[in-house]
Amino acid sequence: MAPSGSRSVDCWRVLYWIPVLFISLIVAWSYYAYVVQLCIDTIENMGEKIVYLLVYHVLFIMFVWSYWQTIFTKPMNPLKEFHLSHSDKELLEREDRRESQQEILRRIAKDLPIYTSTMSGAIRYCDHCLLLKPDRCHHCSACDMCILKMDHHCPWVNNCVGFANYKFFMLFLAYSLLYCLFITATDLQYFIQFWTNGLPDTQAKFHIMFLFFAASMFSVSLAFLFAYHCWLVCKNRSTLEAFRAPTFQHGPDKNGFSLGTSKNFRQVFGDEKKYWLLPVFSSLGDGCSFPTCLVNADPEQPSSPSGRNPSVKSAGESHQFPPKPLRDSQSRLLNNGQSEGSEDRDKRGTSNPALTIEKET
């Protein structure tokens, strides 16, 4: 017999699917209202009917496909090398002092591609998953696991949006916005005709009226959300990083992972253009390590009179993030871009020490 605690957890997990069910019911109703009530029963022009149905079904398929991928793509676990071995776990548990624990974690992290730390400069470690967190990785309490390049936990897909499905989430926003805009634009003239009693008062009237209101309201909210995430992609930031900048050796830096708009885009959507609009995985990298490059000084962060971040350590000081090689999948983003980086360096004059570390290895 299952314990009561596990039954309550299962009940909560079932409740998490209510938002997904709600969206699914709205989409199913919108399909019936548009295809049956509007196109088949209301529109009389055969050419207009065929064009509307063709475009609608293309958008509907892409919208449902990307939504499905966002929901059912499981978050990727950090690589084995970030997990503590059995002996390291025992050694860490025996130590009571935080300083000693940090020394153990630094020893384990010395060969890992980790460039960020906590605000206090400590190694980012997850007590639940017993692993050293890769850069941009965070623990999700709802999913009860560490999520690579975590953006946020979305209740509307009952899943965490992160490295594994961020491209799918972006396409879901794009296609859902196009879906709503198309319905709003093509439904408008018939909505006006029903409103002014230009067409018979049938059952279709109520479906078309509510369809217009629902599509137009969703269009507004989706437009703002999609625009915000487009800005995040161009800046190579997650939602979490937009609110709290990742901490590098030289201090917090919101632009720490930015490689320029083009490379930031390709990091999410990949190098092959034929896959950009399809909900198939094509993102670059493994989600555990990310290249950094020269960045602009963040105007929101205070700077010293000399122009150097006061949190930067001198060359003689020891640091807890030794040089580590870039993975092949990550170094691709920096290839053929040295000239672009040198131009940025001349223009900006502010460098990220993490790039120096990467170049010296």
# chains A, B, ... in the order shown; residues from 1 in each chain; ligands from 1
>>> residues_around(residues="Met150 of chain A", least_positions_apart="5", cutoff="8 Å", atoms="only C-alpha atoms", output="list in words")
Arg136, Cys137, His138, Cys160, Val161, Gly162, Phe163, Ser238 and Leu240 of chain A
>>> write_last_selection(atoms="N, CA and C atoms", output="PDB file, in the first residue's frame")
ATOM      1  N   ARG A 136      24.907  28.594 -15.416  1.00  0.00           N
ATOM      2  CA  ARG A 136      23.529  28.855 -15.851  1.00  0.00           C
ATOM      3  C   ARG A 136      22.551  27.757 -15.433  1.00  0.00           C
ATOM      4  N   CYS A 137      23.000  26.820 -14.630  1.00  0.00           N
ATOM      5  CA  CYS A 137      22.147  25.740 -14.148  1.00  0.00           C
ATOM      6  C   CYS A 137      21.554  26.126 -12.793  1.00  0.00           C
ATOM      7  N   HIS A 138      20.273  25.808 -12.592  1.00  0.00           N
ATOM      8  CA  HIS A 138      19.592  26.114 -11.338  1.00  0.00           C
ATOM      9  C   HIS A 138      18.696  24.945 -10.957  1.00  0.00           C
ATOM     10  N   CYS A 160       9.863  22.746 -17.024  1.00  0.00           N
ATOM     11  CA  CYS A 160      10.859  23.798 -16.932  1.00  0.00           C
ATOM     12  C   CYS A 160      11.330  24.161 -18.336  1.00  0.00           C
ATOM     13  N   VAL A 161      11.457  25.447 -18.586  1.00  0.00           N
ATOM     14  CA  VAL A 161      12.009  25.925 -19.853  1.00  0.00           C
ATOM     15  C   VAL A 161      13.502  26.143 -19.645  1.00  0.00           C
ATOM     16  N   GLY A 162      14.287  25.397 -20.378  1.00  0.00           N
ATOM     17  CA  GLY A 162      15.736  25.483 -20.216  1.00  0.00           C
ATOM     18  C   GLY A 162      16.445  25.116 -21.502  1.00  0.00           C
ATOM     19  N   PHE A 163      17.669  24.633 -21.372  1.00  0.00           N
ATOM     20  CA  PHE A 163      18.501  24.346 -22.543  1.00  0.00           C
ATOM     21  C   PHE A 163      17.824  23.365 -23.496  1.00  0.00           C
ATOM     22  N   SER A 238      18.985  34.408 -19.725  1.00  0.00           N
ATOM     23  CA  SER A 238      17.758  33.729 -19.329  1.00  0.00           C
ATOM     24  C   SER A 238      16.924  34.699 -18.502  1.00  0.00           C
ATOM     25  N   LEU A 240      16.037  34.294 -15.464  1.00  0.00           N
ATOM     26  CA  LEU A 240      16.686  34.386 -14.149  1.00  0.00           C
ATOM     27  C   LEU A 240      17.877  35.329 -14.199  1.00  0.00           C
TER      28      LEU A 240
END
>>> select_by_dssp(residues="segment 75-302 of chain A", states="helix (DSSP H, G or I)", output="NGL selection string")
:A and (80-82 or 86-94 or 98-109 or 166-195 or 203-235 or 239-243 or 261-269 or 273-275)
>>> write_last_selection(atoms="C-alpha atoms", output="CSV table (one decimal), in the first residue's frame")
chain,number,residue,atom,x,y,z
A,80,LYS,CA,28.4,12.8,-15.0
A,81,GLU,CA,31.5,14.8,-14.3
A,82,PHE,CA,29.5,17.4,-12.4
A,86,HIS,CA,30.6,8.3,-3.6
A,87,SER,CA,33.9,9.1,-1.8
A,88,ASP,CA,33.5,12.8,-2.4
A,89,LYS,CA,30.0,12.7,-0.9
A,90,GLU,CA,31.2,11.0,2.2
A,91,LEU,CA,34.1,13.4,2.5
A,92,LEU,CA,31.8,16.4,2.2
A,93,GLU,CA,29.4,15.0,4.7
A,94,ARG,CA,32.1,14.5,7.3
A,98,ARG,CA,31.8,25.6,5.4
A,99,GLU,CA,35.4,26.6,4.5
A,100,SER,CA,36.5,23.0,4.5
A,101,GLN,CA,33.5,22.0,2.3
A,102,GLN,CA,34.3,24.8,-0.1
A,103,GLU,CA,37.9,23.5,-0.4
A,104,ILE,CA,36.7,20.1,-1.3
A,105,LEU,CA,34.3,21.6,-3.9
A,106,ARG,CA,37.1,23.7,-5.3
A,107,ARG,CA,39.3,20.6,-5.7
A,108,ILE,CA,36.5,18.8,-7.6
A,109,ALA,CA,35.7,21.9,-9.7
A,166,TYR,CA,14.1,26.8,-25.0
A,167,LYS,CA,14.0,26.7,-28.8
A,168,PHE,CA,10.7,24.9,-28.7
A,169,PHE,CA,9.3,27.4,-26.2
A,170,MET,CA,10.3,30.3,-28.5
A,171,LEU,CA,8.7,28.7,-31.5
A,172,PHE,CA,5.6,27.9,-29.4
A,173,LEU,CA,5.3,31.7,-28.6
A,174,ALA,CA,5.9,32.6,-32.2
A,175,TYR,CA,3.4,30.2,-33.7
A,176,SER,CA,0.8,30.8,-31.0
A,177,LEU,CA,1.1,34.5,-31.7
A,178,LEU,CA,0.7,34.0,-35.4
A,179,TYR,CA,-2.2,31.7,-34.8
A,180,CYS,CA,-4.0,34.2,-32.7
A,181,LEU,CA,-3.2,37.1,-35.1
A,182,PHE,CA,-4.4,35.1,-38.1
A,183,ILE,CA,-7.7,34.3,-36.4
A,184,THR,CA,-8.2,37.9,-35.3
A,185,ALA,CA,-7.5,39.3,-38.8
A,186,THR,CA,-9.7,36.8,-40.7
A,187,ASP,CA,-12.5,36.8,-38.2
A,188,LEU,CA,-12.8,40.6,-37.9
A,189,GLN,CA,-15.1,41.2,-40.9
A,190,TYR,CA,-17.5,38.5,-39.8
A,191,PHE,CA,-17.4,39.6,-36.2
A,192,ILE,CA,-18.5,43.1,-37.4
A,193,GLN,CA,-21.2,41.7,-39.6
A,194,PHE,CA,-22.7,39.6,-36.8
A,195,TRP,CA,-22.4,42.6,-34.4
A,203,GLN,CA,-25.3,29.4,-33.4
A,204,ALA,CA,-22.1,30.5,-35.3
A,205,LYS,CA,-22.6,34.1,-34.1
A,206,PHE,CA,-21.6,33.3,-30.5
A,207,HIS,CA,-18.6,31.1,-31.5
A,208,ILE,CA,-17.3,33.8,-33.9
A,209,MET,CA,-17.8,36.6,-31.4
A,210,PHE,CA,-16.0,34.8,-28.5
A,211,LEU,CA,-13.3,33.5,-30.9
A,212,PHE,CA,-12.5,37.1,-31.9
A,213,PHE,CA,-12.4,38.3,-28.3
A,214,ALA,CA,-10.2,35.3,-27.1
A,215,ALA,CA,-7.8,35.5,-30.1
A,216,SER,CA,-7.3,39.3,-29.8
A,217,MET,CA,-6.7,39.2,-26.0
A,218,PHE,CA,-4.2,36.3,-26.3
A,219,SER,CA,-2.5,38.2,-29.1
A,220,VAL,CA,-1.7,41.1,-26.9
A,221,SER,CA,-0.3,39.1,-24.0
A,222,LEU,CA,1.7,36.8,-26.4
A,223,ALA,CA,3.1,39.8,-28.2
A,224,PHE,CA,4.6,41.2,-25.1
A,225,LEU,CA,5.9,37.8,-23.9
A,226,PHE,CA,7.4,36.9,-27.3
A,227,ALA,CA,9.1,40.4,-27.6
A,228,TYR,CA,10.6,40.0,-24.2
A,229,HIS,CA,12.1,36.6,-25.0
A,230,CYS,CA,13.4,37.8,-28.3
A,231,TRP,CA,15.3,40.4,-26.4
A,232,LEU,CA,16.6,37.8,-24.1
A,233,VAL,CA,17.8,35.6,-27.0
A,234,CYS,CA,19.6,38.6,-28.6
A,235,LYS,CA,21.3,39.4,-25.2
A,239,THR,CA,14.8,35.2,-17.4
A,240,LEU,CA,16.7,34.4,-14.1
A,241,GLU,CA,19.8,36.1,-15.4
A,242,ALA,CA,17.8,39.2,-16.4
A,243,PHE,CA,16.7,39.6,-12.8
A,261,THR,CA,23.3,39.1,-31.6
A,262,SER,CA,24.1,36.7,-34.4
A,263,LYS,CA,26.0,34.1,-32.3
A,264,ASN,CA,23.5,34.5,-29.5
A,265,PHE,CA,20.7,33.6,-31.9
A,266,ARG,CA,22.6,30.6,-33.3
A,267,GLN,CA,23.4,29.3,-29.8
A,268,VAL,CA,19.6,28.8,-29.4
A,269,PHE,CA,18.5,27.9,-33.0
A,273,LYS,CA,18.8,27.5,-41.2
A,274,LYS,CA,16.6,24.7,-42.5
A,275,TYR,CA,15.8,23.8,-38.8
>>> residues_around(residues="Met76 of chain A", least_positions_apart="3", cutoff="9 Å", atoms="only C-alpha atoms", output="ChimeraX atom specification")
/A:73,79,146-148,162-164,287
>>> write_last_selection(atoms="N, CA and C atoms", output="PDB file, in the first residue's frame")
ATOM      1  N   THR A  73       9.404  17.528 -23.768  1.00  0.00           N
ATOM      2  CA  THR A  73      10.863  17.408 -23.822  1.00  0.00           C
ATOM      3  C   THR A  73      11.400  17.442 -22.397  1.00  0.00           C
ATOM      4  N   LEU A  79      26.063  16.587 -16.969  1.00  0.00           N
ATOM      5  CA  LEU A  79      26.940  15.464 -17.271  1.00  0.00           C
ATOM      6  C   LEU A  79      27.482  14.826 -16.001  1.00  0.00           C
ATOM      7  N   CYS A 146      17.991  19.674 -11.068  1.00  0.00           N
ATOM      8  CA  CYS A 146      18.755  20.798 -11.607  1.00  0.00           C
ATOM      9  C   CYS A 146      18.514  20.888 -13.112  1.00  0.00           C
ATOM     10  N   ILE A 147      18.220  22.095 -13.586  1.00  0.00           N
ATOM     11  CA  ILE A 147      17.863  22.320 -14.983  1.00  0.00           C
ATOM     12  C   ILE A 147      18.988  23.089 -15.672  1.00  0.00           C
ATOM     13  N   LEU A 148      19.507  22.537 -16.759  1.00  0.00           N
ATOM     14  CA  LEU A 148      20.573  23.196 -17.505  1.00  0.00           C
ATOM     15  C   LEU A 148      20.047  24.462 -18.174  1.00  0.00           C
ATOM     16  N   GLY A 162      14.287  25.397 -20.378  1.00  0.00           N
ATOM     17  CA  GLY A 162      15.736  25.483 -20.216  1.00  0.00           C
ATOM     18  C   GLY A 162      16.445  25.116 -21.502  1.00  0.00           C
ATOM     19  N   PHE A 163      17.669  24.633 -21.372  1.00  0.00           N
ATOM     20  CA  PHE A 163      18.501  24.346 -22.543  1.00  0.00           C
ATOM     21  C   PHE A 163      17.824  23.365 -23.496  1.00  0.00           C
ATOM     22  N   ALA A 164      17.182  22.328 -22.964  1.00  0.00           N
ATOM     23  CA  ALA A 164      16.639  21.262 -23.798  1.00  0.00           C
ATOM     24  C   ALA A 164      15.451  21.708 -24.637  1.00  0.00           C
ATOM     25  N   GLY A 287      24.865  22.294 -22.968  1.00  0.00           N
ATOM     26  CA  GLY A 287      24.108  22.849 -21.856  1.00  0.00           C
ATOM     27  C   GLY A 287      24.890  22.957 -20.561  1.00  0.00           C
TER      28      GLY A 287
END
>>> atom_distance(atom1="atom CA of Ile18 of chain A", atom2="atom CA of Met62 of chain A")
22.7 Å
>>> select_by_dssp(residues="segment 113-275 of chain A", states="strand (DSSP E)", output="list in words")
Tyr125, Cys126, Leu131, Leu132, His138, His139, Cys140, Met145, Cys146, Ile147, His152, His153, Cys154, Asn159, Cys160, Val161, Thr247, Phe248, Gly251 and Pro252 of chain A
>>> write_last_selection(atoms="C-alpha atoms", output="short mmCIF file (atom, residue, chain, number, x, y, z; two decimals), in the first residue's frame")
data_model
loop_
_atom_site.label_atom_id
_atom_site.label_comp_id
_atom_site.auth_asym_id
_atom_site.auth_seq_id
_atom_site.Cartn_x
_atom_site.Cartn_y
_atom_site.Cartn_z
CA TYR A 125 26.61 23.36 -5.25
CA CYS A 126 23.18 21.69 -5.13
CA LEU A 131 26.32 18.01 -7.86
CA LEU A 132 28.34 21.06 -8.77
CA HIS A 138 19.59 26.11 -11.34
CA HIS A 139 17.57 23.75 -9.17
CA CYS A 140 13.82 23.77 -9.84
CA MET A 145 16.01 18.55 -10.29
CA CYS A 146 18.76 20.80 -11.61
CA ILE A 147 17.86 22.32 -14.98
CA HIS A 152 11.86 29.59 -15.73
CA HIS A 153 9.29 26.99 -14.72
CA CYS A 154 6.21 27.48 -16.87
CA ASN A 159 7.68 21.87 -17.47
CA CYS A 160 10.86 23.80 -16.93
CA VAL A 161 12.01 25.93 -19.85
CA THR A 247 28.65 36.29 -10.96
CA PHE A 248 32.00 35.84 -12.69
CA GLY A 251 31.85 40.33 -10.39
CA PRO A 252 28.20 40.27 -11.56
#
>>> atom_distance(atom1="atom CA of Trp65 of chain A", atom2="atom CA of Leu277 of chain A")
11.4 Å
